[in-house]
file query-v3.txt (compact mmCIF, C-alpha atoms (C1' of nucleotides))
# COMPACT_ATOMS: atom_id res chain seq x y z
CA MET V 42 0.91 -10.56 -15.41
CA LYS V 43 4.57 -11.36 -15.88
CA MET V 44 5.63 -14.77 -14.78
CA GLU V 45 9.29 -14.68 -15.81
CA SER V 46 12.24 -13.79 -13.64
CA PRO V 47 13.58 -10.60 -15.20
CA SER V 48 16.57 -8.71 -13.80
CA PRO V 49 19.14 -10.34 -11.49
CA LEU V 50 17.47 -9.47 -8.18
CA ASP V 51 17.54 -5.94 -6.94
CA LEU V 52 16.37 -4.74 -3.57
CA THR V 53 12.84 -4.19 -4.78
CA ARG V 54 12.44 -7.62 -6.31
CA ALA V 55 14.06 -9.38 -3.38
CA ALA V 56 11.79 -7.60 -0.93
CA ALA V 57 8.77 -8.51 -3.03
CA ALA V 58 9.81 -12.16 -3.03
CA PHE V 59 10.32 -12.20 0.72
CA ALA V 60 7.01 -10.42 1.21
CA ALA V 61 5.35 -13.06 -0.94
CA LEU V 62 6.67 -15.67 1.49
CA GLY V 63 5.71 -13.57 4.48
CA SER V 64 2.12 -14.68 4.90
CA GLU V 65 1.11 -17.88 6.63
CA GLN V 66 -1.37 -18.73 3.94
CA ARG V 67 0.99 -18.11 1.08
CA LEU V 68 3.77 -19.97 2.82
CA ALA V 69 1.38 -22.88 3.31
CA VAL V 70 0.45 -22.69 -0.37
CA LEU V 71 4.05 -22.72 -1.46
CA ARG V 72 5.00 -25.54 0.84
CA THR V 73 2.10 -27.57 -0.44
CA LEU V 74 3.38 -26.99 -3.96
CA VAL V 75 6.93 -27.85 -2.95
CA ARG V 76 5.63 -31.08 -1.47
CA ALA V 77 3.68 -31.78 -4.63
CA GLY V 78 6.87 -31.62 -6.67
CA PRO V 79 7.30 -30.68 -10.30
CA GLU V 80 3.91 -32.07 -11.40
CA GLY V 81 2.19 -29.30 -9.51
CA LEU V 82 -1.44 -29.00 -8.48
CA SER V 83 -4.52 -27.33 -9.88
CA ILE V 84 -5.82 -24.20 -8.23
CA GLY V 85 -8.83 -26.19 -7.09
CA THR V 86 -6.86 -28.97 -5.41
CA LEU V 87 -4.51 -26.46 -3.89
CA GLY V 88 -7.42 -24.53 -2.44
CA GLU V 89 -8.88 -27.68 -0.91
CA ARG V 90 -5.58 -28.71 0.66
CA VAL V 91 -4.78 -25.33 2.11
CA GLY V 92 -8.35 -24.38 2.96
CA VAL V 93 -8.71 -21.12 1.07
CA THR V 94 -11.57 -19.97 -1.10
CA GLY V 95 -11.16 -19.47 -4.84
CA SER V 96 -10.83 -15.76 -5.17
CA THR V 97 -8.50 -15.46 -2.22
CA LEU V 98 -6.29 -18.22 -3.55
CA THR V 99 -6.14 -16.55 -6.94
CA HIS V 100 -4.93 -13.44 -5.18
CA HIS V 101 -2.19 -15.26 -3.27
CA VAL V 102 -1.01 -17.32 -6.22
CA LYS V 103 -0.77 -14.17 -8.26
CA ILE V 104 1.58 -12.69 -5.69
CA LEU V 105 3.67 -15.85 -5.53
CA SER V 106 3.97 -16.12 -9.27
CA SER V 107 4.83 -12.52 -9.87
CA ALA V 108 7.57 -13.00 -7.29
CA GLY V 109 8.85 -15.83 -9.49
CA LEU V 110 8.20 -18.51 -6.89
CA VAL V 111 5.41 -20.33 -8.69
CA THR V 112 4.59 -21.03 -12.33
CA GLN V 113 1.11 -21.39 -13.77
CA ALA V 114 0.07 -23.21 -16.91
CA ARG V 115 -3.33 -24.02 -18.25
CA GLN V 116 -3.99 -27.71 -18.71
CA GLY V 117 -7.45 -28.45 -20.01
CA ARG V 118 -9.99 -26.79 -17.76
CA SER V 119 -7.54 -26.29 -14.90
CA ILE V 120 -4.62 -24.08 -14.10
CA ILE V 121 -1.69 -26.10 -12.83
CA CYS V 122 0.62 -24.37 -10.37
CA ALA V 123 4.10 -25.58 -9.52
CA ALA V 124 6.79 -24.30 -7.17
CA VAL V 125 9.93 -22.78 -8.61
CA ALA V 126 11.12 -21.97 -5.14
CA PHE V 127 14.31 -23.98 -5.37
CA ASP V 128 16.60 -21.71 -7.33
CA GLU V 129 14.78 -18.61 -6.25
CA VAL V 130 15.30 -19.20 -2.54
CA GLN V 131 18.94 -19.90 -3.22
CA ASP V 132 19.19 -16.55 -5.01
CA LEU V 133 17.42 -14.80 -2.17
CA SER V 134 19.84 -16.18 0.41
CA GLU V 135 22.72 -15.07 -1.70
CA PHE V 136 21.25 -11.67 -2.25
CA LEU V 137 21.04 -11.24 1.48
CA LEU V 138 24.36 -12.69 2.55
CA THR V 139 26.76 -12.16 -0.32
CA GLU V 140 28.15 -8.88 0.80
CA CYS V 141 28.71 -10.06 4.32
CA CYS V 142 31.21 -7.93 6.19
CA ALA V 143 32.02 -5.78 3.14
CA ASP V 144 31.85 -2.70 5.34
CA SER V 145 33.51 -4.29 8.33
CA THR V 146 36.54 -2.38 9.60
CA PRO V 147 39.55 -4.51 8.64
CA LYS V 148 41.22 -4.68 12.04
CA ASP V 149 44.02 -7.09 11.17
CA ASP V 150 44.30 -6.51 7.44
CA PRO V 151 47.92 -5.51 6.72
CA ASN V 152 46.68 -3.40 3.81
CA GLY V 153 44.17 -1.65 6.09
CA MET M 1411 10.21 -8.14 23.58
CA LYS M 1412 11.77 -11.53 23.05
CA MET M 1413 15.01 -11.53 21.15
CA GLU M 1414 15.83 -15.24 21.36
CA SER M 1415 14.99 -17.90 18.79
CA PRO M 1416 12.53 -20.16 20.59
CA SER M 1417 10.95 -23.20 18.94
CA PRO M 1418 12.41 -24.90 15.84
CA LEU M 1419 10.53 -22.89 13.18
CA ASP M 1420 6.88 -23.48 12.62
CA LEU M 1421 4.78 -21.99 9.87
CA THR M 1422 3.92 -18.94 11.92
CA ARG M 1423 7.49 -18.11 12.85
CA ALA M 1424 8.80 -18.76 9.36
CA ALA M 1425 6.15 -16.51 7.85
CA ALA M 1426 6.99 -13.79 10.36
CA ALA M 1427 10.67 -14.03 9.46
CA PHE M 1428 9.94 -13.81 5.74
CA ALA M 1429 7.58 -10.93 6.34
CA ALA M 1430 10.31 -9.18 8.28
CA LEU M 1431 12.50 -9.45 5.19
CA GLY M 1432 9.66 -8.43 2.93
CA SER M 1433 10.00 -4.68 3.13
CA GLU M 1434 12.51 -2.70 1.11
CA GLN M 1435 13.48 -0.62 4.09
CA ARG M 1436 13.95 -3.55 6.41
CA LEU M 1437 15.83 -5.50 3.79
CA ALA M 1438 18.09 -2.48 3.31
CA VAL M 1439 18.56 -2.29 7.07
CA LEU M 1440 19.46 -5.94 7.31
CA ARG M 1441 21.82 -5.82 4.37
CA THR M 1442 23.53 -2.83 5.90
CA LEU M 1443 24.00 -4.81 9.07
CA VAL M 1444 25.22 -7.87 7.17
CA ARG M 1445 27.75 -5.64 5.42
CA ALA M 1446 28.78 -4.19 8.75
CA GLY M 1447 29.64 -7.64 10.03
CA PRO M 1448 29.65 -8.91 13.61
CA GLU M 1449 30.64 -5.55 15.11
CA GLY M 1450 27.24 -4.19 14.21
CA LEU M 1451 26.09 -0.58 14.10
CA SER M 1452 24.28 1.76 16.45
CA ILE M 1453 20.68 2.63 15.72
CA GLY M 1454 21.80 6.16 14.95
CA THR M 1455 24.44 5.17 12.40
CA LEU M 1456 22.11 2.65 10.87
CA GLY M 1457 19.43 5.29 10.47
CA GLU M 1458 21.84 7.65 8.76
CA ARG M 1459 23.06 5.01 6.33
CA VAL M 1460 19.64 3.77 5.36
CA GLY M 1461 17.93 7.15 5.53
CA VAL M 1462 15.16 6.42 8.01
CA THR M 1463 14.04 8.51 10.96
CA GLY M 1464 14.48 7.33 14.52
CA SER M 1465 11.05 6.15 15.45
CA THR M 1466 10.51 4.38 12.15
CA LEU M 1467 13.83 2.62 12.44
CA THR M 1468 13.02 1.50 15.96
CA HIS M 1469 9.85 -0.02 14.56
CA HIS M 1470 11.66 -1.90 11.80
CA VAL M 1471 14.48 -3.13 13.99
CA LYS M 1472 11.93 -4.41 16.45
CA ILE M 1473 10.36 -6.51 13.72
CA LEU M 1474 13.73 -7.81 12.55
CA SER M 1475 14.85 -8.71 16.00
CA SER M 1476 11.69 -10.44 17.03
CA ALA M 1477 12.07 -12.49 13.87
CA GLY M 1478 15.48 -13.51 15.19
CA LEU M 1479 17.36 -11.81 12.34
CA VAL M 1480 19.02 -9.07 14.37
CA THR M 1481 20.37 -8.79 17.90
CA GLN M 1482 20.45 -5.65 19.99
CA ALA M 1483 22.70 -4.81 22.89
CA ARG M 1484 23.19 -1.62 24.79
CA GLN M 1485 26.70 -0.25 24.71
CA GLY M 1486 27.08 2.99 26.58
CA ARG M 1487 24.51 5.45 25.32
CA SER M 1488 23.84 3.53 22.12
CA ILE M 1489 22.08 0.38 21.09
CA ILE M 1490 24.24 -1.78 18.86
CA CYS M 1491 22.45 -3.91 16.29
CA ALA M 1492 24.02 -6.83 14.48
CA ALA M 1493 22.74 -9.28 11.87
CA VAL M 1494 22.15 -12.88 12.84
CA ALA M 1495 20.78 -13.57 9.39
CA PHE M 1496 23.30 -16.23 8.50
CA ASP M 1497 21.96 -19.29 10.29
CA GLU M 1498 18.44 -18.00 10.23
CA VAL M 1499 18.26 -17.70 6.46
CA GLN M 1500 19.68 -21.18 6.17
CA ASP M 1501 16.93 -22.45 8.43
CA LEU M 1502 14.30 -20.61 6.44
CA SER M 1503 15.47 -22.16 3.17
CA GLU M 1504 15.36 -25.56 4.74
CA PHE M 1505 11.95 -24.98 6.21
CA LEU M 1506 10.69 -24.16 2.76
CA LEU M 1507 12.42 -26.83 0.73
CA THR M 1508 13.00 -29.79 3.01
CA GLU M 1509 9.85 -31.67 2.21
CA CYS M 1510 10.27 -31.28 -1.49
CA CYS M 1511 8.23 -33.79 -3.46
CA ALA M 1512 7.01 -35.56 -0.32
CA ASP M 1513 3.55 -35.69 -1.86
CA SER M 1514 4.71 -36.32 -5.39
CA THR M 1515 3.17 -39.38 -7.01
CA PRO M 1516 6.02 -41.90 -7.31
CA LYS M 1517 5.70 -42.74 -11.01
CA ASP M 1518 8.75 -44.95 -11.38
CA ASP M 1519 9.21 -46.09 -7.82
CA PRO M 1520 9.09 -49.90 -7.78
CA ASN M 1521 7.58 -49.71 -4.29
CA GLY M 1522 4.92 -47.31 -5.55
C1' DC F 875 -24.33 -22.80 -29.18
C1' DA F 876 -26.14 -24.21 -24.40
C1' DA F 877 -24.55 -26.34 -20.22
C1' DT F 878 -20.98 -27.14 -17.04
C1' DC F 879 -16.76 -26.81 -14.53
C1' DA F 880 -12.49 -24.04 -13.14
C1' DT F 881 -10.66 -19.81 -12.33
C1' DT F 882 -10.56 -14.76 -12.27
C1' DT F 883 -12.30 -10.08 -11.79
C1' DC F 884 -14.99 -6.77 -9.33
C1' DG F 885 -16.50 -4.14 -5.48
C1' DA F 886 -16.66 -3.60 -0.79
C1' DT F 887 -15.11 -3.99 4.06
C1' DA F 888 -11.99 -5.12 7.85
C1' DT F 889 -7.43 -5.41 9.28
C1' DT F 890 -2.64 -4.50 9.28
C1' DT F 891 1.32 -1.87 8.22
C1' DT F 892 3.93 2.24 7.54
C1' DT F 893 5.30 6.55 8.78
C1' DC F 894 5.77 10.76 11.25
C1' DG F 895 6.68 14.22 15.09
C1' DA F 896 6.34 15.18 19.86
C1' DA F 897 6.90 13.69 24.31
C1' DA F 898 8.91 10.14 27.45
C1' DT F 899 12.64 7.17 29.04
C1' DA F 900 17.57 5.76 29.71
C1' DA F 901 22.64 6.45 30.17
C1' DG F 902 26.64 9.13 30.94
C1' DG F 903 29.22 13.43 32.27
C1' DC F 904 29.53 17.65 35.03
C1' DG G 264 20.56 16.63 40.47
C1' DC G 265 20.79 18.79 35.74
C1' DC G 266 22.20 18.64 30.87
C1' DT G 267 23.18 16.29 26.65
C1' DT G 268 22.76 12.45 23.61
C1' DA G 269 20.38 8.10 22.01
C1' DT G 270 16.45 5.52 21.57
C1' DT G 271 11.65 4.31 22.42
C1' DT G 272 6.75 5.03 23.17
C1' DC G 273 2.52 7.32 21.96
C1' DG G 274 -1.13 8.87 19.03
C1' DA G 275 -2.72 9.57 14.68
C1' DA G 276 -3.27 9.59 9.52
C1' DA G 277 -2.32 7.41 5.05
C1' DA G 278 -1.45 3.41 2.45
C1' DA G 279 -1.39 -1.36 1.61
C1' DT G 280 -3.18 -6.04 2.25
C1' DA G 281 -6.56 -9.73 3.11
C1' DT G 282 -10.89 -11.58 2.52
C1' DC G 283 -15.34 -12.59 0.80
C1' DG G 284 -19.40 -13.48 -2.41
C1' DA G 285 -21.35 -12.57 -6.77
C1' DA G 286 -20.80 -11.97 -11.42
C1' DA G 287 -17.77 -12.57 -15.48
C1' DT G 288 -14.52 -15.15 -18.35
C1' DG G 289 -12.50 -19.28 -20.57
C1' DA G 290 -12.37 -24.21 -21.76
C1' DT G 291 -14.70 -28.65 -22.59
C1' DT G 292 -18.60 -31.61 -23.75
C1' DG G 293 -22.70 -32.84 -26.01
call {"tool": "encode", "arguments": {"input": "query-v3.txt", "output": "structure tokens"}}
result
Amino acid sequence: MKMESPSPLDLTRAAAAFAALGSEQRLAVLRTLVRAGPEGLSIGTLGERVGVTGSTLTHHVKILSSAGLVTQARQGRSIICAAVAFDEVQDLSEFLLTECCADSTPKDDPNG
Amino acid sequence: MKMESPSPLDLTRAAAAFAALGSEQRLAVLRTLVRAGPEGLSIGTLGERVGVTGSTLTHHVKILSSAGLVTQARQGRSIICAAVAFDEVQDLSEFLLTECCADSTPKDDPNG
DNA sequence: CAATCATTTCGATATTTTTCGAAATAAGGC
DNA sequence: GCCTTATTTCGAAAAATATCGAAATGATTG
């Protein structure tokens, strides 16, 4: 599975990222990781805190990390997850709002 | 259906809002409305621009507006939709990021 | 290399979401 | 009231997602 953030953010990738955030459990997972800060948490600890069983958590973390919102790195026996949400959420907001009013009819634009 | 933004944003509402954004079609709809600016667009025009049939668009707009991202108002024979995404997306970012590092172990905090 | 601990894959089921077309509802004009 | 236009509801089928437990994989320790 790819963990990097490839292309700049097209419609497909942005929708996938929002969809990754669009589940109560995954949002709880991500917020727990955001709270944990850059040190991150192991899958096991994360599962305990959020109350999700192993295989289900694997599934959700996979979705979050392929959306570029979480990184995973093996550390000894454990996999440490950490939130990368900071920049990513910024990008998502921009993706959504950047072109605000681009199609608006320029009522009082002298060049209209 | 409720179109207002009730409570401050709990996990359930935030997840619903992200889920609303987490579909290519709905994201395209919302971006089209953001581009259209505060004047908004009728359901019909919106459907033409995004390339979605009537009943499907109704379905998607319903999801967007109950997430508080779009408003609807009847104007003559048409229903005019407009994006309210601006504040809402801001709130969503905050919801996600506000408690950053709250659980982080304070390594170099003298009060640790 | 056997034992153990942490995580993932597999396979299966239940639920939710998406999408469509046809019929129903709502508003405006004659 | 009837006709046209705009949108929504209904009912149904297809696709995607969520969830679980058991078995498999990978890393560490003795």
call {"tool": "atom_distance", "arguments": {"input": "query-v3.txt", "atom1": "atom C1' of F:DT881", "atom2": "atom C1' of G:DC283"}}
result
15.7 Å
call {"tool": "calpha_fit_and_write", "arguments": {"input": "query-v3.txt", "fixed": "chain V", "moving": "chain M", "output": "PDB file with C-alpha atoms, in the frame of the given file"}}
result
ATOM      1  CA  MET M1411       0.866 -10.430 -15.396  1.00  0.00           C
ATOM      2  CA  LYS M1412       4.507 -11.281 -15.871  1.00  0.00           C
ATOM      3  CA  MET M1413       5.509 -14.730 -14.772  1.00  0.00           C
ATOM      4  CA  GLU M1414       9.158 -14.668 -15.851  1.00  0.00           C
ATOM      5  CA  SER M1415      12.145 -13.743 -13.704  1.00  0.00           C
ATOM      6  CA  PRO M1416      13.467 -10.567 -15.304  1.00  0.00           C
ATOM      7  CA  SER M1417      16.478  -8.684 -13.944  1.00  0.00           C
ATOM      8  CA  PRO M1418      19.070 -10.270 -11.621  1.00  0.00           C
ATOM      9  CA  LEU M1419      17.422  -9.384  -8.281  1.00  0.00           C
ATOM     10  CA  ASP M1420      17.475  -5.855  -7.046  1.00  0.00           C
ATOM     11  CA  LEU M1421      16.308  -4.661  -3.669  1.00  0.00           C
ATOM     12  CA  THR M1422      12.768  -4.134  -4.867  1.00  0.00           C
ATOM     13  CA  ARG M1423      12.387  -7.572  -6.394  1.00  0.00           C
ATOM     14  CA  ALA M1424      14.036  -9.314  -3.468  1.00  0.00           C
ATOM     15  CA  ALA M1425      11.761  -7.535  -1.013  1.00  0.00           C
ATOM     16  CA  ALA M1426       8.731  -8.484  -3.091  1.00  0.00           C
ATOM     17  CA  ALA M1427       9.811 -12.123  -3.092  1.00  0.00           C
ATOM     18  CA  PHE M1428      10.322 -12.140   0.671  1.00  0.00           C
ATOM     19  CA  ALA M1429       7.013 -10.397   1.161  1.00  0.00           C
ATOM     20  CA  ALA M1430       5.373 -13.049  -0.974  1.00  0.00           C
ATOM     21  CA  LEU M1431       6.721 -15.646   1.446  1.00  0.00           C
ATOM     22  CA  GLY M1432       5.762 -13.551   4.430  1.00  0.00           C
ATOM     23  CA  SER M1433       2.185 -14.661   4.867  1.00  0.00           C
ATOM     24  CA  GLU M1434       1.190 -17.864   6.613  1.00  0.00           C
ATOM     25  CA  GLN M1435      -1.312 -18.713   3.936  1.00  0.00           C
ATOM     26  CA  ARG M1436       1.046 -18.107   1.063  1.00  0.00           C
ATOM     27  CA  LEU M1437       3.842 -19.955   2.787  1.00  0.00           C
ATOM     28  CA  ALA M1438       1.455 -22.869   3.310  1.00  0.00           C
ATOM     29  CA  VAL M1439       0.497 -22.685  -0.356  1.00  0.00           C
ATOM     30  CA  LEU M1440       4.096 -22.708  -1.470  1.00  0.00           C
ATOM     31  CA  ARG M1441       5.066 -25.526   0.842  1.00  0.00           C
ATOM     32  CA  THR M1442       2.153 -27.544  -0.441  1.00  0.00           C
ATOM     33  CA  LEU M1443       3.408 -26.993  -3.950  1.00  0.00           C
ATOM     34  CA  VAL M1444       6.986 -27.836  -2.977  1.00  0.00           C
ATOM     35  CA  ARG M1445       5.694 -31.064  -1.446  1.00  0.00           C
ATOM     36  CA  ALA M1446       3.725 -31.770  -4.589  1.00  0.00           C
ATOM     37  CA  GLY M1447       6.888 -31.611  -6.652  1.00  0.00           C
ATOM     38  CA  PRO M1448       7.288 -30.700 -10.318  1.00  0.00           C
ATOM     39  CA  GLU M1449       3.902 -32.114 -11.343  1.00  0.00           C
ATOM     40  CA  GLY M1450       2.209 -29.311  -9.472  1.00  0.00           C
ATOM     41  CA  LEU M1451      -1.425 -29.017  -8.434  1.00  0.00           C
ATOM     42  CA  SER M1452      -4.520 -27.370  -9.842  1.00  0.00           C
ATOM     43  CA  ILE M1453      -5.818 -24.238  -8.181  1.00  0.00           C
ATOM     44  CA  GLY M1454      -8.826 -26.222  -7.031  1.00  0.00           C
ATOM     45  CA  THR M1455      -6.833 -28.996  -5.363  1.00  0.00           C
ATOM     46  CA  LEU M1456      -4.479 -26.486  -3.854  1.00  0.00           C
ATOM     47  CA  GLY M1457      -7.386 -24.564  -2.382  1.00  0.00           C
ATOM     48  CA  GLU M1458      -8.833 -27.699  -0.838  1.00  0.00           C
ATOM     49  CA  ARG M1459      -5.536 -28.729   0.721  1.00  0.00           C
ATOM     50  CA  VAL M1460      -4.726 -25.352   2.176  1.00  0.00           C
ATOM     51  CA  GLY M1461      -8.302 -24.420   3.027  1.00  0.00           C
ATOM     52  CA  VAL M1462      -8.655 -21.158   1.132  1.00  0.00           C
ATOM     53  CA  THR M1463     -11.526 -20.010  -1.050  1.00  0.00           C
ATOM     54  CA  GLY M1464     -11.132 -19.534  -4.775  1.00  0.00           C
ATOM     55  CA  SER M1465     -10.815 -15.819  -5.125  1.00  0.00           C
ATOM     56  CA  THR M1466      -8.462 -15.508  -2.179  1.00  0.00           C
ATOM     57  CA  LEU M1467      -6.260 -18.255  -3.524  1.00  0.00           C
ATOM     58  CA  THR M1468      -6.133 -16.601  -6.922  1.00  0.00           C
ATOM     59  CA  HIS M1469      -4.914 -13.480  -5.163  1.00  0.00           C
ATOM     60  CA  HIS M1470      -2.166 -15.302  -3.277  1.00  0.00           C
ATOM     61  CA  VAL M1471      -0.994 -17.344  -6.229  1.00  0.00           C
ATOM     62  CA  LYS M1472      -0.776 -14.176  -8.257  1.00  0.00           C
ATOM     63  CA  ILE M1473       1.583 -12.702  -5.689  1.00  0.00           C
ATOM     64  CA  LEU M1474       3.686 -15.861  -5.562  1.00  0.00           C
ATOM     65  CA  SER M1475       3.956 -16.118  -9.281  1.00  0.00           C
ATOM     66  CA  SER M1476       4.824 -12.524  -9.889  1.00  0.00           C
ATOM     67  CA  ALA M1477       7.575 -13.009  -7.334  1.00  0.00           C
ATOM     68  CA  GLY M1478       8.848 -15.820  -9.545  1.00  0.00           C
ATOM     69  CA  LEU M1479       8.201 -18.507  -6.917  1.00  0.00           C
ATOM     70  CA  VAL M1480       5.404 -20.332  -8.714  1.00  0.00           C
ATOM     71  CA  THR M1481       4.567 -21.054 -12.339  1.00  0.00           C
ATOM     72  CA  GLN M1482       1.097 -21.441 -13.768  1.00  0.00           C
ATOM     73  CA  ALA M1483       0.024 -23.261 -16.885  1.00  0.00           C
ATOM     74  CA  ARG M1484      -3.378 -24.086 -18.214  1.00  0.00           C
ATOM     75  CA  GLN M1485      -4.057 -27.767 -18.660  1.00  0.00           C
ATOM     76  CA  GLY M1486      -7.520 -28.503 -19.926  1.00  0.00           C
ATOM     77  CA  ARG M1487     -10.039 -26.802 -17.689  1.00  0.00           C
ATOM     78  CA  SER M1488      -7.587 -26.315 -14.838  1.00  0.00           C
ATOM     79  CA  ILE M1489      -4.644 -24.124 -14.052  1.00  0.00           C
ATOM     80  CA  ILE M1490      -1.687 -26.125 -12.803  1.00  0.00           C
ATOM     81  CA  CYS M1491       0.626 -24.404 -10.346  1.00  0.00           C
ATOM     82  CA  ALA M1492       4.111 -25.598  -9.510  1.00  0.00           C
ATOM     83  CA  ALA M1493       6.828 -24.304  -7.188  1.00  0.00           C
ATOM     84  CA  VAL M1494       9.951 -22.777  -8.660  1.00  0.00           C
ATOM     85  CA  ALA M1495      11.159 -21.933  -5.184  1.00  0.00           C
ATOM     86  CA  PHE M1496      14.352 -23.929  -5.390  1.00  0.00           C
ATOM     87  CA  ASP M1497      16.639 -21.653  -7.379  1.00  0.00           C
ATOM     88  CA  GLU M1498      14.800 -18.570  -6.298  1.00  0.00           C
ATOM     89  CA  VAL M1499      15.342 -19.140  -2.595  1.00  0.00           C
ATOM     90  CA  GLN M1500      18.990 -19.794  -3.285  1.00  0.00           C
ATOM     91  CA  ASP M1501      19.208 -16.473  -5.075  1.00  0.00           C
ATOM     92  CA  LEU M1502      17.439 -14.710  -2.242  1.00  0.00           C
ATOM     93  CA  SER M1503      19.875 -16.081   0.337  1.00  0.00           C
ATOM     94  CA  GLU M1504      22.753 -14.951  -1.779  1.00  0.00           C
ATOM     95  CA  PHE M1505      21.264 -11.543  -2.319  1.00  0.00           C
ATOM     96  CA  LEU M1506      21.046 -11.134   1.415  1.00  0.00           C
ATOM     97  CA  LEU M1507      24.370 -12.575   2.473  1.00  0.00           C
ATOM     98  CA  THR M1508      26.785 -12.074  -0.392  1.00  0.00           C
ATOM     99  CA  GLU M1509      28.216  -8.786   0.720  1.00  0.00           C
ATOM    100  CA  CYS M1510      28.761  -9.939   4.240  1.00  0.00           C
ATOM    101  CA  CYS M1511      31.257  -7.789   6.108  1.00  0.00           C
ATOM    102  CA  ALA M1512      32.021  -5.667   3.042  1.00  0.00           C
ATOM    103  CA  ASP M1513      31.891  -2.597   5.260  1.00  0.00           C
ATOM    104  CA  SER M1514      33.503  -4.207   8.262  1.00  0.00           C
ATOM    105  CA  THR M1515      36.534  -2.352   9.580  1.00  0.00           C
ATOM    106  CA  PRO M1516      39.515  -4.589   8.762  1.00  0.00           C
ATOM    107  CA  LYS M1517      41.108  -4.764  12.216  1.00  0.00           C
ATOM    108  CA  ASP M1518      43.844  -7.273  11.478  1.00  0.00           C
ATOM    109  CA  ASP M1519      44.204  -6.825   7.756  1.00  0.00           C
ATOM    110  CA  PRO M1520      47.822  -5.871   7.030  1.00  0.00           C
ATOM    111  CA  ASN M1521      46.579  -3.836   4.062  1.00  0.00           C
ATOM    112  CA  GLY M1522      44.102  -2.036   6.308  1.00  0.00           C
TER     113      GLY M1522
END
call {"tool": "closest_atom_pairs", "arguments": {"input": "query-v3.txt", "of": "chain M", "to": "chain V", "cutoff": "6 Å", "atoms": "only C-alpha atoms", "output": "tab-separated table"}}
result
residue	atom	partner	partner_atom	distance
M:Ala1425	CA	V:Gly63	CA	4.5
M:Phe1428	CA	V:Gly63	CA	4.4
M:Ala1429	CA	V:Gly63	CA	3.7
M:Leu1431	CA	V:Phe59	CA	5.7
M:Gly1432	CA	V:Ala60	CA	3.7
M:Ser1433	CA	V:Ala56	CA	5.3
M:Glu1434	CA	V:Ala56	CA	5.4
M:Val1444	CA	V:Cys141	CA	5.0
M:Arg1445	CA	V:Cys142	CA	4.2
M:Ala1446	CA	V:Ser145	CA	4.7
M:Gly1447	CA	V:Cys142	CA	4.2
M:Glu1509	CA	V:Arg76	CA	5.6
M:Cys1510	CA	V:Arg76	CA	4.6
M:Cys1511	CA	V:Gly78	CA	4.1
M:Ala1512	CA	V:Arg76	CA	4.8
M:Asp1513	CA	V:Ala77	CA	4.8
M:Ser1514	CA	V:Ala77	CA	4.7
call {"tool": "write_last_selection", "arguments": {"input": "query-v3.txt", "atoms": "C-alpha atoms", "output": "compact mmCIF listing (two decimals), in the coordinates of the input"}}
result
# COMPACT_ATOMS: atom_id res chain seq x y z
CA ALA M 1425 6.15 -16.51 7.85
CA PHE M 1428 9.94 -13.81 5.74
CA ALA M 1429 7.58 -10.93 6.34
CA LEU M 1431 12.50 -9.45 5.19
CA GLY M 1432 9.66 -8.43 2.93
CA SER M 1433 10.00 -4.68 3.13
CA GLU M 1434 12.51 -2.70 1.11
CA VAL M 1444 25.22 -7.87 7.17
CA ARG M 1445 27.75 -5.64 5.42
CA ALA M 1446 28.78 -4.19 8.75
CA GLY M 1447 29.64 -7.64 10.03
CA GLU M 1509 9.85 -31.67 2.21
CA CYS M 1510 10.27 -31.28 -1.49
CA CYS M 1511 8.23 -33.79 -3.46
CA ALA M 1512 7.01 -35.56 -0.32
CA ASP M 1513 3.55 -35.69 -1.86
CA SER M 1514 4.71 -36.32 -5.39
call {"tool": "interface_residues", "arguments": {"input": "query-v3.txt", "of": "chain G", "to": "chain M", "cutoff": "10 Å", "atoms": "only C-alpha atoms (C1' of nucleotides)", "output": "MDAnalysis selection string"}}
result
chainID G and resid 268:272
call {"tool": "interface_residues", "arguments": {"input": "query-v3.txt", "of": "chain F", "to": "chain V", "cutoff": "9 Å", "atoms": "only C-alpha atoms (C1' of nucleotides)", "output": "ChimeraX atom specification"}}
result
/F:879-883
call {"tool": "closest_residue", "arguments": {"input": "query-v3.txt", "among": "G:DG274, G:DG264, G:DG289, G:DG284", "to": "F:DC884", "atoms": "only C-alpha atoms (C1' of nucleotides)"}}
result
G:DG284
call {"tool": "atom_distance", "arguments": {"input": "query-v3.txt", "atom1": "atom CA of V:Glu129", "atom2": "atom CA of M:Val1439"}}
result
21.4 Å
call {"tool": "atom_distance", "arguments": {"input": "query-v3.txt", "atom1": "atom C1' of G:DA278", "atom2": "atom C1' of F:DT893"}}
result
9.8 Å
call {"tool": "closest_residue", "arguments": {"input": "query-v3.txt", "among": "G:DA287, G:DT292, G:DT267, G:DT280", "to": "F:DA888", "atoms": "all atoms listed in the file"}}
result
G:DT280
